[in-house]
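Contents: one structure, followed by commentary.
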Amino acid sequence: MAGAVLAVPAIGFNTVYAVLRFANFAVGSIASVGAFAGLFANTLLGWPVWPSLLIAFLVAGAVGVVCDEAALRPLRAAGPLTVAIGSVALAIVLENALRFAFGNDARGYDVPVYRDWHAIGLHVGPQQVFDALAALFATALLFGFLTFTRVGKMMRAVADDPALAALKGIEARRVAQVASFTGLGLAGFGGMLVGLESQVDPLTGFRVLLSIFAAAVVGGLGSIPGAVAGAFLIGIGEEASLMVLPAAYRGAVGFAAILLVLSFRPAGLLGQRAA
Amino acid sequence: MTAYLASLLVFAGINALLALGLNIVWGLGGMINLGLAGFFAVGAYASALLTVRLGWPMAPAALAAILIAALAGAVLAAITARLRGDYLALVTLGFAQVMQLVAANEIWLTGGTDGISGVPGPLRGALTPAAFDLLCVAICWALVGAALLALSRLAASPFGRVLRAIREDEMVAAVAGKHVLAFKLRAFAIGAGISGLAGSVYAHFNGYIAPDTLDVLLTLNVVLALTMGGTGRMAGAVAGALLLELLTEGTRFLGAIVPALAPVQVASLREAVIGLALIVVLRLRPQGLLPEQRRIFSLEASDGERTRPALRGA
């Protein structure tokens with residue numbers, strides 16, 4: 001279940017990585033932006049969860065594209081590492097913009113509370129089932145978008161070989177914008193899912209950042225099916241770790257997984273590019 | 001007022017040490033290290049624990065802090081040696097986060113989120129507070145001076161030359177018969193050791209350490225300091241740390257200028273300024289105020305001008 005929630009921002013991270021070729025450290029803060037956008041729609045406008053998730057996607061995507069264009073695109077000439085460092089700075093700016101507007105208080109969504117379902121000796125929280133379904137839905141949509149639409153195919157072409165794509169007349173800048181919007185929108189969507197499972201505050205996204213990276217790296221940077229597989233592995237690993245480690249160390253599982261994968265299969269489970 | 005100025009100078013010195021530590025890894029070696037806060041934490045906690053729990057004097061504790069942090073750096077470098085830029089950024093950032101988790105949760109060792117208080121300072125109590133502050137400034141900047149001197153020598157030595165070669169092209173350095181991994185490991189260990197020293201200075205000056213000081217903002221501050229000052233040049237690291245202090249202290253008075261802001265809003269604005277400043281510097285002057293001076297050897301040059309100095313970037 002936890003894996004399903006992680007999958008969405010991890011896919012977003014890998015979408016950006018595949019097309020723009022840099023590790024966007026701002027995904028955590030963008031996820032928080034999405035969580036707050038969803039909160040606004042849900043608690044202030046009184047919208048149900050589904051349309052609020054859509055708002056989370058759209059607002060996070062829009063904020064993501066604007067920030068990418070304004071702050072990160074001018075850095076691209078200096079190389080991917082400079083862009084990555086710029087994205088760490090951007091993450092701090094976004095996090096503090098949220099803190100400036102909403103303060104540090106933890107907030108929650110207006111969602112009905114259900115009793116846990118019991119089946120064959122297992123407790124299942126309806127909220128978690130909903131989150132998993134939402135994650136599945138977002139993933140399916142992205143796959144459809146990449147497989148069947150013209151823009152989706154362009155994105156894959158650029159991810160595959162930017163030079164060849166440019167030769168074919170694909171406008172790299174527009175594709176980059178679409179990739180940023182989709183990837184960071186998904187991060188926002190995932191951020192609201194994380195918020196639904198925990199709480200919403202300016203650090204909601206940052207707290208899962210290491211797990212998102214872990215999912216992306218374990219699956220293979222830039223690989224979208226990889227991000228899904230990686231997210232489930234990390235999610236399951238984090239839950240399983242509760243049996244042997246205190247709950248506070250959940251985040252360390254991702255770090256251990258990153259080290260392990262990079263030591264033995266640097267390209268990740270489903271990635272083609274070597275580290 | 002003197003206490004305020006003194007703490008300002010000590011914190012600038014701590015940032016200068018951290019920037020120097022980052023400079024050898026990143027500026028010379030070309031390896032990004034977003035785990036500075038982690039090594040800083042190792043040094044701070046090692047020094048604090050050794051003095052508070054085991055009653056060690058400060059100097060050996062600081063030395064031990066340097067060694068333990070250097071060891072942590074070497075181990076992390078050994079694991080990540082093959083990694084390229086963005087992977088290394090991910091792993092080192094993860095390392096810092098895990099260190100923060102450990103500091104917050106191993107309560108038996110670190111006191112958890114309560115932190116460790118009562119860390120001794122040099123002659124604290126024996127001196128008046130003002131004299132203590134002055135002594136701390138002197139010690140801190142003596143350490144900065146020593147590190148600056150040692151690292152500048154190191155950068156100019158064959159060791160530094162090989163590191164720069166590795167930064168420019170690892171393959172070429174390896175073909176030239178340099179053991180790339182060994183050089184990277186040593187650079188990382190030295191950088192981590194200096195970050196550990198910075199942590200130790202912080203613990204003894206402040207008298208108190210807690211996990212929440214060890215977050216990613218600390219690392220970002222140092223990256224900003226080094227980028228502003230000029231990566232690759234040791235004096236640039238120190239200049240950048242001083243500039244950073246001006247910047248962060250300058251924003252302290254935001255609250256006084258705009259009285260309608262809540263304290264949390266002022267704090268968030270100050271943090272945002274750091275992020276914005278880094279983006280602006282990366283865009284407008286990525287080579288920093290004091291850029292690395294590069295010698296370019298040109299094949300076409302006539303005998304009269306065999307080598308000519310040229311500035312990088314711009």
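A note on labels: chains of the structure tokens are A, B, ... as shown, every chain counts residues from 1, and ligands are counted from 1 in their shown order.
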
Kindly assemble as CSV a list of the chain B residues that lie within 7 Å of chain A, each paired with its nearest atom pair and their distance in Å to one decimal, using only C-alpha atoms, sorted first by chain and then by ascending residue number.
```
residue,atom,partner,partner_atom,distance
B:Leu83,CA,A:Ala275,CA,5.9
B:Arg84,CA,A:Ala275,CA,6.0
B:Gly85,CA,A:Leu81,CA,6.1
B:Asp86,CA,A:Ala23,CA,6.1
B:Gly94,CA,A:Phe255,CA,5.8
B:Val98,CA,A:Ala252,CA,5.7
B:Leu101,CA,A:Tyr249,CA,6.9
B:Val264,CA,A:Gly103,CA,6.7
B:Gln265,CA,A:Phe100,CA,4.7
B:Ser268,CA,A:Asn96,CA,4.8
B:Leu269,CA,A:Asn96,CA,6.7
B:Glu271,CA,A:Asn96,CA,6.7
B:Ala272,CA,A:Val93,CA,4.4
B:Gly275,CA,A:Ala89,CA,4.2
B:Leu276,CA,A:Val93,CA,6.6
B:Leu278,CA,A:Ala89,CA,6.4
B:Ile279,CA,A:Gly86,CA,5.6
B:Arg283,CA,A:Leu75,CA,6.0
```

Writing out the chosen residues with N, CA and C atoms as a tab-separated table (two decimals), in the first residue's frame:
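out39.tsv, written as the output of this step:
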```tsv
chain	number	residue	atom	x	y	z
B	83	LEU	N	30.26	6.20	-8.65
B	83	LEU	CA	29.04	6.88	-9.04
B	83	LEU	C	29.30	8.20	-9.75
B	84	ARG	N	28.41	8.49	-10.67
B	84	ARG	CA	28.45	9.74	-11.42
B	84	ARG	C	27.75	10.83	-10.62
B	85	GLY	N	27.86	12.05	-11.11
B	85	GLY	CA	27.34	13.23	-10.41
B	85	GLY	C	26.02	13.11	-9.70
B	86	ASP	N	24.93	12.88	-10.45
B	86	ASP	CA	23.64	12.99	-9.78
B	86	ASP	C	23.39	11.82	-8.82
B	94	GLY	N	21.28	11.45	1.04
B	94	GLY	CA	20.67	10.39	1.83
B	94	GLY	C	21.48	10.11	3.09
B	98	VAL	N	20.14	10.20	6.91
B	98	VAL	CA	20.21	9.06	7.83
B	98	VAL	C	20.93	9.45	9.12
B	101	LEU	N	18.55	11.14	11.24
B	101	LEU	CA	17.65	10.15	11.85
B	101	LEU	C	18.32	9.49	13.05
B	264	VAL	N	7.47	33.10	12.23
B	264	VAL	CA	7.68	31.96	11.34
B	264	VAL	C	7.80	32.44	9.90
B	265	GLN	N	7.11	33.55	9.58
B	265	GLN	CA	7.21	34.09	8.22
B	265	GLN	C	8.58	34.71	7.97
B	268	SER	N	10.95	31.88	7.44
B	268	SER	CA	10.81	31.25	6.14
B	268	SER	C	11.39	32.15	5.04
B	269	LEU	N	11.19	33.46	5.19
B	269	LEU	CA	11.77	34.38	4.20
B	269	LEU	C	13.29	34.28	4.19
B	271	GLU	N	15.15	31.75	5.01
B	271	GLU	CA	15.60	30.51	4.36
B	271	GLU	C	15.42	30.60	2.86
B	272	ALA	N	14.31	31.21	2.44
B	272	ALA	CA	14.04	31.31	1.01
B	272	ALA	C	15.12	32.16	0.33
B	275	GLY	N	18.04	30.06	-0.70
B	275	GLY	CA	17.76	29.30	-1.91
B	275	GLY	C	17.80	30.18	-3.15
B	276	LEU	N	17.13	31.34	-3.06
B	276	LEU	CA	17.09	32.25	-4.20
B	276	LEU	C	18.49	32.72	-4.56
B	278	LEU	N	21.28	31.24	-4.14
B	278	LEU	CA	22.06	30.20	-4.80
B	278	LEU	C	21.66	30.09	-6.27
B	279	ILE	N	20.35	30.16	-6.53
B	279	ILE	CA	19.91	30.07	-7.93
B	279	ILE	C	20.47	31.24	-8.74
B	283	ARG	N	23.32	31.16	-11.79
B	283	ARG	CA	22.96	31.65	-13.11
B	283	ARG	C	23.90	32.77	-13.58
```

What residues in stretch 87-251 of chain B get the DSSP label strand (DSSP E or B)? Please answer as a JSON list (two decimals) with N, CA and C atoms, in the first residue's frame.
```json
[["chain", "number", "residue", "atom", "x", "y", "z"],
["B", 116, "ILE", "N", 22.38, 17.20, 23.17],
["B", 116, "ILE", "CA", 23.35, 17.10, 24.25],
["B", 116, "ILE", "C", 23.66, 18.52, 24.71],
["B", 117, "SER", "N", 23.47, 18.78, 26.00],
["B", 117, "SER", "CA", 23.80, 20.12, 26.49],
["B", 117, "SER", "C", 25.00, 20.02, 27.43],
["B", 208, "TYR", "N", 25.87, 23.17, 23.01],
["B", 208, "TYR", "CA", 24.66, 22.37, 22.89],
["B", 208, "TYR", "C", 24.50, 21.95, 21.43],
["B", 209, "ILE", "N", 24.16, 20.67, 21.22],
["B", 209, "ILE", "CA", 23.84, 20.27, 19.84],
["B", 209, "ILE", "C", 22.56, 19.46, 19.83]]
```

* List every residue of stretch 78-299 of chain B that DSSP, applied to the backbone, labels as helix (DSSP H, G or I), and write the result as a PyMOL selection string. => chain B and resi 78-80+85-105+107-110+112-114+129-156+158-168+170-175+180-206+211-214+216-229+234-257+263-284

* Counting only C-alpha atoms, what is within 7 Å of stretch 123-137 of chain B, bar same-chain residues fewer than 2 positions away, as a list of chain:residue names? ->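 That gives B:Ala3, B:Ala6, B:Leu9, B:Val10, B:Pro120, B:Gly121, B:Ile139, B:Cys140, B:Trp141, B:Phe205.
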
* Residues at most 7 Å from A:Ala179, counting only C-alpha atoms, excluding those fewer than 5 positions away in the same chain, as number ranges by chain? -> A: 15-16, 19, 155

* Asked: What lies within 10 Å of B:Ala147 using only C-alpha atoms, ignoring chain neighbours under 5 positions off, as an MDAnalysis selection string?
  -> chainID B and resid 16:17 20:21 141:142 152:153 194 234

* Exercise: A:Ala18 partners within 9 Å, only C-alpha atoms, chain neighbours under 5 positions left out, as a list of chain:residue names ->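 The neighbour list is A:Phe13, A:Met155, A:Arg156, A:Val158, A:Ala159, A:Asp160, A:Ala179, A:Leu221, A:Gly222, A:Ser223, A:Ile224.
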
Put those residues in a file: N, CA and C atoms, as a PDB file, in the first residue's frame.
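And here's result_1.pdb as it stands now:
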```
ATOM      1  N   PHE A  13       9.340  11.797 -10.749  1.00  0.00           N
ATOM      2  CA  PHE A  13      10.792  12.061 -10.708  1.00  0.00           C
ATOM      3  C   PHE A  13      11.470  11.451 -11.931  1.00  0.00           C
ATOM      4  N   MET A 155       7.860  12.525 -26.165  1.00  0.00           N
ATOM      5  CA  MET A 155       8.605  12.496 -24.907  1.00  0.00           C
ATOM      6  C   MET A 155       9.512  11.276 -24.858  1.00  0.00           C
ATOM      7  N   ARG A 156       8.965  10.147 -25.295  1.00  0.00           N
ATOM      8  CA  ARG A 156       9.789   8.940 -25.249  1.00  0.00           C
ATOM      9  C   ARG A 156      10.946   9.033 -26.240  1.00  0.00           C
ATOM     10  N   VAL A 158      12.513  11.778 -27.137  1.00  0.00           N
ATOM     11  CA  VAL A 158      13.552  12.642 -26.560  1.00  0.00           C
ATOM     12  C   VAL A 158      14.303  11.899 -25.467  1.00  0.00           C
ATOM     13  N   ALA A 159      13.557  11.108 -24.666  1.00  0.00           N
ATOM     14  CA  ALA A 159      14.197  10.354 -23.595  1.00  0.00           C
ATOM     15  C   ALA A 159      15.189   9.361 -24.174  1.00  0.00           C
ATOM     16  N   ASP A 160      14.810   8.753 -25.292  1.00  0.00           N
ATOM     17  CA  ASP A 160      15.654   7.748 -25.928  1.00  0.00           C
ATOM     18  C   ASP A 160      16.923   8.346 -26.502  1.00  0.00           C
ATOM     19  N   ALA A 179       7.041  17.381 -20.166  1.00  0.00           N
ATOM     20  CA  ALA A 179       7.577  16.398 -19.217  1.00  0.00           C
ATOM     21  C   ALA A 179       7.599  16.975 -17.809  1.00  0.00           C
ATOM     22  N   LEU A 221      17.000   4.897 -12.797  1.00  0.00           N
ATOM     23  CA  LEU A 221      16.713   6.312 -13.052  1.00  0.00           C
ATOM     24  C   LEU A 221      16.222   6.477 -14.482  1.00  0.00           C
ATOM     25  N   GLY A 222      15.114   7.175 -14.619  1.00  0.00           N
ATOM     26  CA  GLY A 222      14.604   7.446 -15.950  1.00  0.00           C
ATOM     27  C   GLY A 222      13.649   6.388 -16.479  1.00  0.00           C
ATOM     28  N   SER A 223      13.516   5.283 -15.751  1.00  0.00           N
ATOM     29  CA  SER A 223      12.622   4.227 -16.222  1.00  0.00           C
ATOM     30  C   SER A 223      11.281   4.313 -15.498  1.00  0.00           C
ATOM     31  N   ILE A 224      10.196   4.424 -16.252  1.00  0.00           N
ATOM     32  CA  ILE A 224       8.896   4.588 -15.613  1.00  0.00           C
ATOM     33  C   ILE A 224       8.344   3.279 -15.048  1.00  0.00           C
TER      34      ILE A 224
END
```
